[in-house]
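File shown: input-v9.pdb (PDB, C-alpha atoms (C1' of nucleotides)).
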ATOM      1  CA  MET A   1     -36.427 -64.460 -62.145
ATOM      2  CA  ARG A   2     -34.656 -66.143 -65.016
ATOM      3  CA  PRO A   3     -31.941 -64.633 -67.144
ATOM      4  CA  ASP A   4     -33.056 -63.020 -70.334
ATOM      5  CA  LEU A   5     -33.527 -65.707 -72.960
ATOM      6  CA  ASP A   6     -32.274 -63.540 -75.753
ATOM      7  CA  THR A   7     -29.075 -62.749 -73.886
ATOM      8  CA  THR A   8     -28.494 -66.369 -73.004
ATOM      9  CA  LEU A   9     -28.458 -67.251 -76.676
ATOM     10  CA  THR A  10     -26.379 -64.364 -77.943
ATOM     11  CA  GLN A  11     -23.811 -64.958 -75.229
ATOM     12  CA  LYS A  12     -23.333 -68.404 -76.691
ATOM     13  CA  ASN A  13     -23.173 -67.071 -80.233
ATOM     14  CA  ILE A  14     -26.570 -68.415 -81.150
ATOM     15  CA  ARG A  15     -28.908 -66.283 -83.169
ATOM     16  CA  PRO A  16     -32.014 -65.746 -81.090
ATOM     17  CA  THR A  17     -34.714 -66.793 -83.524
ATOM     18  CA  ALA A  18     -38.297 -67.287 -82.455
ATOM     19  CA  MET A  19     -37.998 -71.036 -82.580
ATOM     20  CA  ARG A  20     -34.829 -71.115 -80.520
ATOM     21  CA  LEU A  21     -36.249 -68.840 -77.878
ATOM     22  CA  LEU A  22     -39.246 -71.118 -77.562
ATOM     23  CA  VAL A  23     -37.088 -74.196 -77.291
ATOM     24  CA  LEU A  24     -34.813 -72.574 -74.730
ATOM     25  CA  ASP A  25     -37.799 -71.460 -72.696
ATOM     26  CA  TYR A  26     -39.140 -74.982 -72.796
ATOM     27  CA  LEU A  27     -35.809 -76.431 -71.726
ATOM     28  CA  LEU A  28     -35.578 -74.039 -68.804
ATOM     29  CA  ASN A  29     -38.898 -75.291 -67.527
ATOM     30  CA  GLN A  30     -37.987 -78.963 -67.550
ATOM     31  CA  THR A  31     -36.708 -80.899 -64.602
ATOM     32  CA  ALA A  32     -35.865 -83.911 -66.753
ATOM     33  CA  ALA A  33     -33.758 -84.145 -69.882
ATOM     34  CA  VAL A  34     -35.762 -83.904 -73.089
ATOM     35  CA  SER A  35     -35.679 -85.970 -76.227
ATOM     36  CA  LEU A  36     -36.386 -84.817 -79.736
ATOM     37  CA  ASN A  37     -39.711 -86.563 -79.455
ATOM     38  CA  ASN A  38     -40.611 -84.578 -76.365
ATOM     39  CA  LEU A  39     -39.994 -81.389 -78.271
ATOM     40  CA  GLU A  40     -41.896 -82.655 -81.256
ATOM     41  CA  THR A  41     -44.897 -83.495 -79.117
ATOM     42  CA  TYR A  42     -44.818 -80.149 -77.353
ATOM     43  CA  PHE A  43     -44.283 -78.027 -80.455
ATOM     44  CA  MET A  44     -46.760 -79.827 -82.614
ATOM     45  CA  ARG A  45     -47.048 -77.005 -85.051
ATOM     46  CA  SER A  46     -43.356 -77.054 -85.799
ATOM     47  CA  ASP A  47     -41.062 -79.179 -87.863
ATOM     48  CA  ARG A  48     -39.177 -82.115 -86.458
ATOM     49  CA  ILE A  49     -36.045 -81.295 -88.425
ATOM     50  CA  THR A  50     -35.899 -77.752 -87.215
ATOM     51  CA  LEU A  51     -36.194 -78.904 -83.650
ATOM     52  CA  TYR A  52     -33.488 -81.463 -84.322
ATOM     53  CA  ARG A  53     -31.174 -78.809 -85.700
ATOM     54  CA  THR A  54     -32.000 -76.441 -82.894
ATOM     55  CA  LEU A  55     -30.845 -79.017 -80.384
ATOM     56  CA  LYS A  56     -27.742 -79.720 -82.452
ATOM     57  CA  THR A  57     -26.899 -76.043 -82.580
ATOM     58  CA  PHE A  58     -27.452 -75.679 -78.849
ATOM     59  CA  GLU A  59     -25.188 -78.635 -78.284
ATOM     60  CA  GLU A  60     -22.426 -77.357 -80.570
ATOM     61  CA  LYS A  61     -22.442 -74.009 -78.873
ATOM     62  CA  GLY A  62     -22.285 -75.552 -75.445
ATOM     63  CA  LEU A  63     -25.738 -74.569 -74.263
ATOM     64  CA  VAL A  64     -26.998 -78.093 -73.792
ATOM     65  CA  HIS A  65     -25.323 -81.471 -73.564
ATOM     66  CA  SER A  66     -26.602 -84.708 -74.939
ATOM     67  CA  ILE A  67     -27.183 -87.793 -72.854
ATOM     68  CA  ASP A  68     -27.388 -91.292 -74.191
ATOM     69  CA  ASP A  69     -29.388 -92.997 -71.484
ATOM     70  CA  GLY A  70     -29.777 -96.230 -73.356
ATOM     71  CA  SER A  71     -33.460 -95.634 -73.967
ATOM     72  CA  GLY A  72     -32.917 -95.493 -77.687
ATOM     73  CA  SER A  73     -33.315 -91.784 -78.112
ATOM     74  CA  VAL A  74     -30.805 -89.152 -77.152
ATOM     75  CA  LYS A  75     -31.840 -86.708 -74.474
ATOM     76  CA  TYR A  76     -30.696 -83.137 -74.023
ATOM     77  CA  ALA A  77     -30.347 -81.004 -70.948
ATOM     78  CA  LEU A  78     -29.118 -77.504 -70.271
ATOM     79  CA  CYS A  79     -25.484 -77.326 -69.308
ATOM     80  CA  PRO A  80     -24.357 -75.855 -66.046
ATOM     81  CA  ASP A  81     -22.973 -72.366 -66.489
ATOM     82  CA  ASP A  82     -19.374 -73.465 -66.444
ATOM     83  CA  CYS A  83     -19.779 -75.499 -69.617
ATOM     84  CA  SER A  84     -17.712 -74.170 -72.471
ATOM     85  CA  THR A  85     -18.024 -74.953 -76.141
ATOM     86  CA  GLU A  86     -14.809 -76.886 -76.389
ATOM     87  CA  GLU A  87     -15.000 -78.933 -73.271
ATOM     88  CA  HIS A  88     -18.000 -80.344 -71.754
ATOM     89  CA  HIS A  89     -17.093 -83.738 -70.678
ATOM     90  CA  ASP A  90     -19.993 -84.355 -68.437
ATOM     91  CA  LEU A  91     -18.573 -85.585 -65.285
ATOM     92  CA  HIS A  92     -21.849 -85.403 -63.566
ATOM     93  CA  VAL A  93     -24.061 -88.417 -63.111
ATOM     94  CA  HIS A  94     -27.230 -89.099 -65.038
ATOM     95  CA  PHE A  95     -30.160 -90.975 -63.637
ATOM     96  CA  PHE A  96     -32.677 -92.894 -65.711
ATOM     97  CA  CYS A  97     -35.950 -93.893 -64.107
ATOM     98  CA  ASN A  98     -36.938 -97.365 -65.191
ATOM     99  CA  GLN A  99     -40.567 -96.562 -64.508
ATOM    100  CA  CYS A 100     -41.335 -93.135 -65.966
ATOM    101  CA  ARG A 101     -38.377 -93.432 -68.338
ATOM    102  CA  GLU A 102     -37.256 -89.898 -67.605
ATOM    103  CA  THR A 103     -33.646 -88.884 -67.368
ATOM    104  CA  PHE A 104     -32.234 -86.463 -64.819
ATOM    105  CA  CYS A 105     -28.897 -84.782 -64.451
ATOM    106  CA  LEU A 106     -27.775 -85.312 -60.925
ATOM    107  CA  PRO A 107     -25.956 -82.580 -59.093
ATOM    108  CA  LYS A 108     -22.277 -82.907 -59.640
ATOM    109  CA  SER A 109     -21.284 -85.718 -57.408
ATOM    110  CA  HIS A 110     -17.629 -86.333 -57.813
ATOM    111  CA  ILE A 111     -16.822 -89.537 -59.618
ATOM    112  CA  PRO A 112     -13.775 -91.089 -58.048
ATOM    113  CA  GLU A 113     -10.802 -92.203 -60.103
ATOM    114  CA  ILE A 114     -11.400 -95.437 -61.915
ATOM    115  CA  ALA A 115      -8.536 -97.871 -61.791
ATOM    116  CA  LEU A 116      -7.683 -98.712 -65.383
ATOM    117  CA  PRO A 117      -5.316-101.339 -66.719
ATOM    118  CA  GLU A 118      -1.833-100.231 -67.642
ATOM    119  CA  ASN A 119      -1.589 -97.748 -70.519
ATOM    120  CA  PHE A 120      -5.266 -96.952 -70.648
ATOM    121  CA  LYS A 121      -5.952 -93.229 -70.675
ATOM    122  CA  THR A 122      -9.214 -91.715 -69.531
ATOM    123  CA  GLU A 123     -10.656 -88.861 -71.519
ATOM    124  CA  GLU A 124     -14.263 -89.003 -70.476
ATOM    125  CA  VAL A 125     -16.450 -90.771 -67.959
ATOM    126  CA  ASN A 126     -20.151 -91.436 -68.311
ATOM    127  CA  LEU A 127     -21.946 -92.661 -65.269
ATOM    128  CA  MET A 128     -25.512 -93.739 -65.792
ATOM    129  CA  VAL A 129     -27.513 -94.803 -62.776
ATOM    130  CA  LYS A 130     -30.819 -96.543 -63.412
ATOM    131  CA  GLY A 131     -33.561 -97.111 -60.916
ATOM    132  CA  ILE A 132     -36.703 -95.471 -59.614
ATOM    133  CA  CYS A 133     -36.928 -91.723 -59.226
ATOM    134  CA  SER A 134     -38.536 -89.895 -56.330
ATOM    135  CA  LYS A 135     -41.765 -89.210 -58.200
ATOM    136  CA  CYS A 136     -42.245 -92.885 -58.953
ATOM    137  CA  THR A 137     -41.223 -94.140 -55.535
ATOM    138  CA  ARG A 138     -44.395 -92.973 -53.831
TER
ATOM    139  CA  MET B   1      -7.473-125.463 -72.796
ATOM    140  CA  ARG B   2     -10.921-124.023 -73.068
ATOM    141  CA  PRO B   3     -14.074-125.564 -71.705
ATOM    142  CA  ASP B   4     -16.038-127.631 -74.137
ATOM    143  CA  LEU B   5     -18.161-125.345 -76.269
ATOM    144  CA  ASP B   6     -21.021-127.769 -76.448
ATOM    145  CA  THR B   7     -21.151-128.092 -72.693
ATOM    146  CA  THR B   8     -20.992-124.361 -72.185
ATOM    147  CA  LEU B   9     -24.133-123.952 -74.221
ATOM    148  CA  THR B  10     -26.116-126.832 -72.818
ATOM    149  CA  GLN B  11     -25.309-125.729 -69.307
ATOM    150  CA  LYS B  12     -27.028-122.460 -70.096
ATOM    151  CA  ASN B  13     -29.974-124.229 -71.693
ATOM    152  CA  ILE B  14     -28.982-123.246 -75.189
ATOM    153  CA  ARG B  15     -29.233-125.766 -77.950
ATOM    154  CA  PRO B  16     -25.777-126.261 -79.378
ATOM    155  CA  THR B  17     -26.420-125.705 -83.047
ATOM    156  CA  ALA B  18     -23.592-125.319 -85.540
ATOM    157  CA  MET B  19     -24.128-121.590 -85.822
ATOM    158  CA  ARG B  20     -24.123-121.044 -82.090
ATOM    159  CA  LEU B  21     -20.985-123.054 -81.583
ATOM    160  CA  LEU B  22     -19.250-120.970 -84.195
ATOM    161  CA  VAL B  23     -20.401-117.732 -82.630
ATOM    162  CA  LEU B  24     -19.411-118.858 -79.158
ATOM    163  CA  ASP B  25     -16.004-119.911 -80.414
ATOM    164  CA  TYR B  26     -15.598-116.524 -82.038
ATOM    165  CA  LEU B  27     -16.614-114.727 -78.862
ATOM    166  CA  LEU B  28     -14.135-116.724 -76.805
ATOM    167  CA  ASN B  29     -11.337-115.525 -79.042
ATOM    168  CA  GLN B  30     -12.119-111.841 -78.732
ATOM    169  CA  THR B  31     -10.512-109.460 -76.320
ATOM    170  CA  ALA B  32     -12.965-106.690 -77.148
ATOM    171  CA  ALA B  33     -16.744-106.707 -77.112
ATOM    172  CA  VAL B  34     -18.309-107.477 -80.474
ATOM    173  CA  SER B  35     -21.115-105.839 -82.352
ATOM    174  CA  LEU B  36     -23.584-107.460 -84.688
ATOM    175  CA  ASN B  37     -21.658-105.905 -87.538
ATOM    176  CA  ASN B  38     -18.450-107.531 -86.374
ATOM    177  CA  LEU B  39     -20.133-110.900 -86.492
ATOM    178  CA  GLU B  40     -21.680-110.147 -89.828
ATOM    179  CA  THR B  41     -18.311-109.257 -91.297
ATOM    180  CA  TYR B  42     -16.642-112.317 -89.855
ATOM    181  CA  PHE B  43     -19.378-114.785 -90.807
ATOM    182  CA  MET B  44     -19.947-113.424 -94.252
ATOM    183  CA  ARG B  45     -21.627-116.553 -95.431
ATOM    184  CA  SER B  46     -24.261-116.349 -92.772
ATOM    185  CA  ASP B  47     -27.387-114.367 -92.246
ATOM    186  CA  ARG B  48     -27.470-111.162 -90.286
ATOM    187  CA  ILE B  49     -30.772-112.037 -88.636
ATOM    188  CA  THR B  50     -29.590-115.390 -87.410
ATOM    189  CA  LEU B  51     -26.531-113.810 -85.870
ATOM    190  CA  TYR B  52     -28.749-111.194 -84.292
ATOM    191  CA  ARG B  53     -30.974-113.832 -82.776
ATOM    192  CA  THR B  54     -28.013-115.876 -81.666
ATOM    193  CA  LEU B  55     -26.740-112.921 -79.681
ATOM    194  CA  LYS B  56     -30.195-112.265 -78.278
ATOM    195  CA  THR B  57     -30.504-115.872 -77.196
ATOM    196  CA  PHE B  58     -27.072-115.803 -75.607
ATOM    197  CA  GLU B  59     -28.053-112.652 -73.779
ATOM    198  CA  GLU B  60     -31.370-114.029 -72.538
ATOM    199  CA  LYS B  61     -29.717-117.136 -71.242
ATOM    200  CA  GLY B  62     -27.042-115.151 -69.470
ATOM    201  CA  LEU B  63     -24.104-116.206 -71.581
ATOM    202  CA  VAL B  64     -23.279-112.728 -72.826
ATOM    203  CA  HIS B  65     -24.234-109.255 -71.714
ATOM    204  CA  SER B  66     -24.909-106.293 -73.931
ATOM    205  CA  ILE B  67     -23.069-103.030 -73.681
ATOM    206  CA  ASP B  68     -24.320 -99.743 -75.004
ATOM    207  CA  ASP B  69     -21.075 -97.863 -75.436
ATOM    208  CA  GLY B  70     -22.630 -94.903 -77.154
ATOM    209  CA  SER B  71     -21.069 -95.822 -80.485
ATOM    210  CA  GLY B  72     -24.449 -96.385 -82.026
ATOM    211  CA  SER B  73     -24.338-100.130 -82.103
ATOM    212  CA  VAL B  74     -24.736-102.445 -79.170
ATOM    213  CA  LYS B  75     -21.787-104.622 -78.303
ATOM    214  CA  TYR B  76     -21.807-108.023 -76.666
ATOM    215  CA  ALA B  77     -19.283-109.724 -74.455
ATOM    216  CA  LEU B  78     -19.151-113.015 -72.628
ATOM    217  CA  CYS B  79     -20.314-112.831 -69.069
ATOM    218  CA  PRO B  80     -18.102-113.807 -66.192
ATOM    219  CA  ASP B  81     -18.999-117.214 -64.841
ATOM    220  CA  ASP B  82     -20.997-115.878 -61.943
ATOM    221  CA  CYS B  83     -23.573-114.317 -64.233
ATOM    222  CA  SER B  84     -26.990-115.868 -63.832
ATOM    223  CA  THR B  85     -29.919-115.658 -66.193
ATOM    224  CA  GLU B  86     -32.081-113.508 -63.958
ATOM    225  CA  GLU B  87     -29.575-111.041 -62.707
ATOM    226  CA  HIS B  88     -26.743-109.638 -64.578
ATOM    227  CA  HIS B  89     -26.623-106.057 -63.649
ATOM    228  CA  ASP B  90     -23.178-105.363 -64.898
ATOM    229  CA  LEU B  91     -21.425-103.636 -62.139
ATOM    230  CA  HIS B  92     -18.172-103.810 -63.947
ATOM    231  CA  VAL B  93     -16.773-100.937 -65.906
ATOM    232  CA  HIS B  94     -16.659-100.718 -69.679
ATOM    233  CA  PHE B  95     -13.997 -98.898 -71.593
ATOM    234  CA  PHE B  96     -14.459 -97.439 -75.050
ATOM    235  CA  CYS B  97     -11.386 -96.469 -77.023
ATOM    236  CA  ASN B  98     -11.981 -93.244 -78.882
ATOM    237  CA  GLN B  99      -9.353 -94.205 -81.416
ATOM    238  CA  CYS B 100      -9.912 -97.831 -82.404
ATOM    239  CA  ARG B 101     -13.533 -97.649 -81.276
ATOM    240  CA  GLU B 102     -13.294-100.959 -79.505
ATOM    241  CA  THR B 103     -15.033-101.692 -76.246
ATOM    242  CA  PHE B 104     -13.531-103.654 -73.389
ATOM    243  CA  CYS B 105     -14.952-105.047 -70.197
ATOM    244  CA  LEU B 106     -12.676-103.992 -67.419
ATOM    245  CA  PRO B 107     -11.972-106.329 -64.573
ATOM    246  CA  LYS B 108     -14.469-105.789 -61.846
ATOM    247  CA  SER B 109     -13.357-102.594 -60.246
ATOM    248  CA  HIS B 110     -15.734-101.735 -57.497
ATOM    249  CA  ILE B 111     -17.978 -98.796 -58.277
ATOM    250  CA  PRO B 112     -18.456 -96.769 -55.147
ATOM    251  CA  GLU B 113     -21.871 -95.787 -53.857
ATOM    252  CA  ILE B 114     -23.344 -92.889 -55.745
ATOM    253  CA  ALA B 115     -25.006 -90.272 -53.617
ATOM    254  CA  LEU B 116     -28.518 -89.885 -54.997
ATOM    255  CA  PRO B 117     -31.125 -87.283 -54.116
ATOM    256  CA  GLU B 118     -33.765 -88.258 -51.582
ATOM    257  CA  ASN B 119     -36.099 -91.074 -52.615
ATOM    258  CA  PHE B 120     -34.108 -92.143 -55.647
ATOM    259  CA  LYS B 121     -33.501 -95.879 -55.719
ATOM    260  CA  THR B 122     -30.618 -97.461 -57.594
ATOM    261  CA  GLU B 123     -31.280-100.650 -59.522
ATOM    262  CA  GLU B 124     -28.386-100.633 -61.933
ATOM    263  CA  VAL B 125     -25.202 -98.704 -62.603
ATOM    264  CA  ASN B 126     -23.481 -98.347 -65.926
ATOM    265  CA  LEU B 127     -20.035 -96.864 -65.903
ATOM    266  CA  MET B 128     -18.560 -96.114 -69.277
ATOM    267  CA  VAL B 129     -15.023 -94.811 -69.425
ATOM    268  CA  LYS B 130     -13.838 -93.395 -72.737
ATOM    269  CA  GLY B 131     -10.296 -92.698 -73.749
ATOM    270  CA  ILE B 132      -7.357 -94.375 -75.406
ATOM    271  CA  CYS B 133      -6.655 -98.044 -74.893
ATOM    272  CA  SER B 134      -3.240 -99.573 -74.402
ATOM    273  CA  LYS B 135      -2.947-100.728 -78.007
ATOM    274  CA  CYS B 136      -3.556 -97.235 -79.313
ATOM    275  CA  THR B 137      -1.384 -95.459 -76.768
ATOM    276  CA  ARG B 138       1.862 -96.619 -78.324
TER
ATOM    277  C1'  DG C   1     -36.173-146.029 -86.284
ATOM    278  C1'  DG C   2     -39.808-143.178 -87.796
ATOM    279  C1'  DA C   3     -43.384-139.622 -86.755
ATOM    280  C1'  DT C   4     -44.418-135.526 -84.449
ATOM    281  C1'  DA C   5     -43.548-131.386 -82.023
ATOM    282  C1'  DA C   6     -40.444-127.912 -80.799
ATOM    283  C1'  DC C   7     -37.075-125.106 -82.177
ATOM    284  C1'  DC C   8     -33.733-122.777 -85.395
ATOM    285  C1'  DT C   9     -32.625-120.442 -89.716
ATOM    286  C1'  DG C  10     -33.043-117.382 -93.617
ATOM    287  C1'  DC C  11     -35.575-114.217 -96.503
ATOM    288  C1'  DA C  12     -38.354-110.173 -96.702
ATOM    289  C1'  DA C  13     -40.149-106.395 -94.910
ATOM    290  C1'  DC C  14     -40.859-102.826 -91.367
ATOM    291  C1'  DT C  15     -39.844 -99.595 -87.534
ATOM    292  C1'  DG C  16     -37.759 -95.659 -85.232
ATOM    293  C1'  DC C  17     -34.326 -92.449 -84.799
ATOM    294  C1'  DA C  18     -30.803 -89.779 -86.779
ATOM    295  C1'  DT C  19     -29.219 -87.292 -90.651
ATOM    296  C1'  DT C  20     -28.557 -84.742 -95.249
ATOM    297  C1'  DG C  21     -29.892 -82.002 -99.667
ATOM    298  C1'  DC C  22     -32.143 -78.493-101.423
ATOM    299  C1'  DA C  23     -35.386 -74.706-102.057
ATOM    300  C1'  DT C  24     -37.474 -71.028 -99.589
ATOM    301  C1'  DA C  25     -37.908 -67.762 -95.773
ATOM    302  C1'  DT C  26     -35.791 -65.041 -92.343
ATOM    303  C1'  DT C  27     -32.258 -62.397 -90.155
ATOM    304  C1'  DA C  28     -28.003 -59.538 -89.786
ATOM    305  C1'  DC C  29     -25.210 -56.148 -91.762
ATOM    306  C1'  DC C  30     -23.541 -52.491 -94.697
TER
ATOM    307  C1'  DG D   1     -33.272 -51.011 -98.370
ATOM    308  C1'  DG D   2     -30.384 -54.459-100.629
ATOM    309  C1'  DT D   3     -27.353 -58.271-100.226
ATOM    310  C1'  DA D   4     -25.119 -62.049 -97.946
ATOM    311  C1'  DA D   5     -25.383 -65.296 -94.355
ATOM    312  C1'  DT D   6     -28.130 -68.094 -91.772
ATOM    313  C1'  DA D   7     -32.452 -70.616 -90.387
ATOM    314  C1'  DT D   8     -36.401 -73.213 -91.634
ATOM    315  C1'  DG D   9     -39.349 -76.747 -93.772
ATOM    316  C1'  DC D  10     -40.123 -80.521 -96.871
ATOM    317  C1'  DA D  11     -38.549 -84.710 -98.852
ATOM    318  C1'  DA D  12     -35.728 -88.385 -98.869
ATOM    319  C1'  DT D  13     -32.090 -91.444 -97.126
ATOM    320  C1'  DG D  14     -29.238 -94.402 -93.916
ATOM    321  C1'  DC D  15     -28.639 -97.430 -90.382
ATOM    322  C1'  DA D  16     -29.416-100.409 -86.442
ATOM    323  C1'  DG D  17     -32.735-103.105 -84.488
ATOM    324  C1'  DT D  18     -36.751-105.893 -84.877
ATOM    325  C1'  DT D  19     -40.731-109.024 -86.417
ATOM    326  C1'  DG D  20     -43.562-112.479 -89.459
ATOM    327  C1'  DC D  21     -43.521-116.306 -91.839
ATOM    328  C1'  DA D  22     -42.048-120.402 -94.514
ATOM    329  C1'  DG D  23     -38.960-124.021 -94.634
ATOM    330  C1'  DG D  24     -35.271-126.752 -92.475
ATOM    331  C1'  DT D  25     -33.272-128.995 -88.439
ATOM    332  C1'  DT D  26     -33.150-131.095 -83.958
ATOM    333  C1'  DA D  27     -35.084-133.461 -79.969
ATOM    334  C1'  DT D  28     -38.381-136.626 -78.194
ATOM    335  C1'  DC D  29     -41.682-140.154 -77.734
ATOM    336  C1'  DC D  30     -43.570-144.341 -79.016
TER
END
Please express the file's structure as structure tokens.
Amino acid sequence: MRPDLDTTLTQKNIRPTAMRLLVLDYLLNQTAAVSLNNLETYFMRSDRITLYRTLKTFEEKGLVHSIDDGSGSVKYALCPDDCSTEEHHDLHVHFFCNQCRETFCLPKSHIPEIALPENFKTEEVNLMVKGICSKCTR
Amino acid sequence: MRPDLDTTLTQKNIRPTAMRLLVLDYLLNQTAAVSLNNLETYFMRSDRITLYRTLKTFEEKGLVHSIDDGSGSVKYALCPDDCSTEEHHDLHVHFFCNQCRETFCLPKSHIPEIALPENFKTEEVNLMVKGICSKCTR
DNA sequence: GGATAACCTGCAACTGCATTGCATATTACC
DNA sequence: GGTAATATGCAATGCAGTTGCAGGTTATCC
């Protein structure tokens, strides 16, 4: 069904410790991006700092990317497979639901060129759409 | 040259106190969006909290809008004239320079429709472009 | 023009999230 | 199995944003 967790980590040069496997498993089961607080709530028996560093490690190694959705806490979501360590300028769109306050990575919809003033160079584009998600619409 | 500061404030239902006139004057002279820290540094003799509340008041009354550029501190910039109190969903693009770490409001370039999954409703769109600004390019 | 009410300012203190130092435990490797 | 590298957990800190309250200032009404 899902790729071997252990392999997923080692392929990204991340030591597959118990904690990390648990976190990865959790991430794989989420439809929305998760915050440190989400993790903390879920893994009550574990330490906040460890979870924090786990996410940081995952991010460094290109397994997850961080999303600043303006909610005050950074969210993390698994990267698509083509994400490398060096480059993961997220060109995909993120959606923040104003009601349930969850954040979703939207399937890569191409962001068109933005017309910039003279001599401005684009390195990265973050597109954050806010509104009501499908769950909350009903 | 520039519209009367006093009038600008009263038109927005903001009491023109000395502090607010100073802050407004400062804002009018900026090309980049300003953070609370910027203000604090500039108005050394004044209180951080008052500056904070001045910005908040300006924002509430629709004189400035806040920009979360991902730098960790919120920036503020004067709204275009057509900004009303109730609605200022900034549909214009913001640019963050990765070098000088300044944030600019870009002239209203139209953001195209974003294709959302079924039953997702857009209420607001934030487009943050990051790169190198014209000053830093040279 | 003076009294009162509304509002603004400044100090102190608090919150929440992110982050770092250090000692201990765990894992990888020879 | 022993040693070095890495991960974990606890404590503590930093920083931006925020709130309560007392005192000062401004507007308003008579």
**Request:** With the file shown as input, list the residues that the PyMOL selection byres ((chain D) within 10 of (chain A)) selects, as number ranges by chain.
**Result:** D: 6-10
Please, could you write that set of residues out with C-alpha atoms (C1' of nucleotides) as an mmCIF file, keeping the file's coordinate frame?
data_model
loop_
_atom_site.group_PDB
_atom_site.id
_atom_site.type_symbol
_atom_site.label_atom_id
_atom_site.label_comp_id
_atom_site.auth_asym_id
_atom_site.auth_seq_id
_atom_site.Cartn_x
_atom_site.Cartn_y
_atom_site.Cartn_z
ATOM 1 C "C1'" DT D 6 -28.130 -68.094 -91.772
ATOM 2 C "C1'" DA D 7 -32.452 -70.616 -90.387
ATOM 3 C "C1'" DT D 8 -36.401 -73.213 -91.634
ATOM 4 C "C1'" DG D 9 -39.349 -76.747 -93.772
ATOM 5 C "C1'" DC D 10 -40.123 -80.521 -96.871
#
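Selection result for the displayed file, with the PyMOL selection byres ((chain C and resi 12) around 12) as criterion, is Ile49 of chain B; DG10, DC11, DA13 and DC14 of chain C; DT19, DG20, DC21 and DA22 of chain D.
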Kindly save the residues from that selection, with C-alpha atoms (C1' of nucleotides) included, as a short mmCIF file (atom, residue, chain, number, x, y, z; two decimals), in the coordinates of the input.
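The resulting file, selection38.cif, is shown below:
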data_model
loop_
_atom_site.label_atom_id
_atom_site.label_comp_id
_atom_site.auth_asym_id
_atom_site.auth_seq_id
_atom_site.Cartn_x
_atom_site.Cartn_y
_atom_site.Cartn_z
CA ILE B 49 -30.77 -112.04 -88.64
"C1'" DG C 10 -33.04 -117.38 -93.62
"C1'" DC C 11 -35.58 -114.22 -96.50
"C1'" DA C 13 -40.15 -106.40 -94.91
"C1'" DC C 14 -40.86 -102.83 -91.37
"C1'" DT D 19 -40.73 -109.02 -86.42
"C1'" DG D 20 -43.56 -112.48 -89.46
"C1'" DC D 21 -43.52 -116.31 -91.84
"C1'" DA D 22 -42.05 -120.40 -94.51
#
**Request:** Identify all residues satisfying the PyMOL selection byres ((chain B) within 12 of (chain A)) in the given file; provide them as a PyMOL selection string.
**Result:** chain B and resi 66-74+89-99+104-138
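Ranking B:Tyr26, B:Tyr52, B:Thr41, B:Glu102 by their shortest atom-to-atom distance to B:Leu78, with all atoms listed in the file included, puts B:Tyr26 first.
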Dump as CSV the rows for residues of chain C within 9 Å of chain B: closest atom pair and distance in Å with one decimal, all atoms listed in the file counted, ordered by chain and rising residue number.
residue,atom,partner,partner_atom,distance
C:DC7,C1',B:Arg15,CA,8.9
C:DC8,C1',B:Thr17,CA,8.2
C:DT9,C1',B:Thr50,CA,6.3
C:DG10,C1',B:Asp47,CA,6.6
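Between atom CA of A:Gln30 and atom CA of A:Ala77 the interatomic distance comes to 8.6 Å.
Minimum distance to D:DG2 across C:DA5, C:DC17, C:DC30, C:DA25 (counting all atoms listed in the file) occurs at C:DC30.
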**Request:** Could you give me, as a list in words, the residues that have an atom at most 10 Å away from the point (-26.5, -99.6, -89.2) in the coordinates of the file, using all atoms listed in the file?
**Result:** Leu36, Asn37, Gly72 and Ser73 of chain B; DG14, DC15, DA16 and DG17 of chain D
**Message:** List as a PyMOL selection string the residues having at least one atom at most 8 Å from position (-32.7, -81.2, -98.4) as given in the file, counting all atoms listed in the file.
**Reply:** (chain C and resi 20-23) or (chain D and resi 10-12)
Residues from last step as file, C-alpha atoms (C1' of nucleotides), as a PDB file, in the frame of the given file:
ATOM      1  C1'  DT C  20     -28.557 -84.742 -95.249  1.00  0.00           C
ATOM      2  C1'  DG C  21     -29.892 -82.002 -99.667  1.00  0.00           C
ATOM      3  C1'  DC C  22     -32.143 -78.493-101.423  1.00  0.00           C
ATOM      4  C1'  DA C  23     -35.386 -74.706-102.057  1.00  0.00           C
TER       5       DA C  23
ATOM      6  C1'  DC D  10     -40.123 -80.521 -96.871  1.00  0.00           C
ATOM      7  C1'  DA D  11     -38.549 -84.710 -98.852  1.00  0.00           C
ATOM      8  C1'  DA D  12     -35.728 -88.385 -98.869  1.00  0.00           C
TER       9       DA D  12
END
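With atom CA of A:Asp25 on one side and atom CA of A:Thr103 on the other, the separation reads 18.7 Å.
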**Complete:** Correct to one decimal, the distance atom C1' of D:DG1-atom CA of A:Arg20 is 26.9 Å
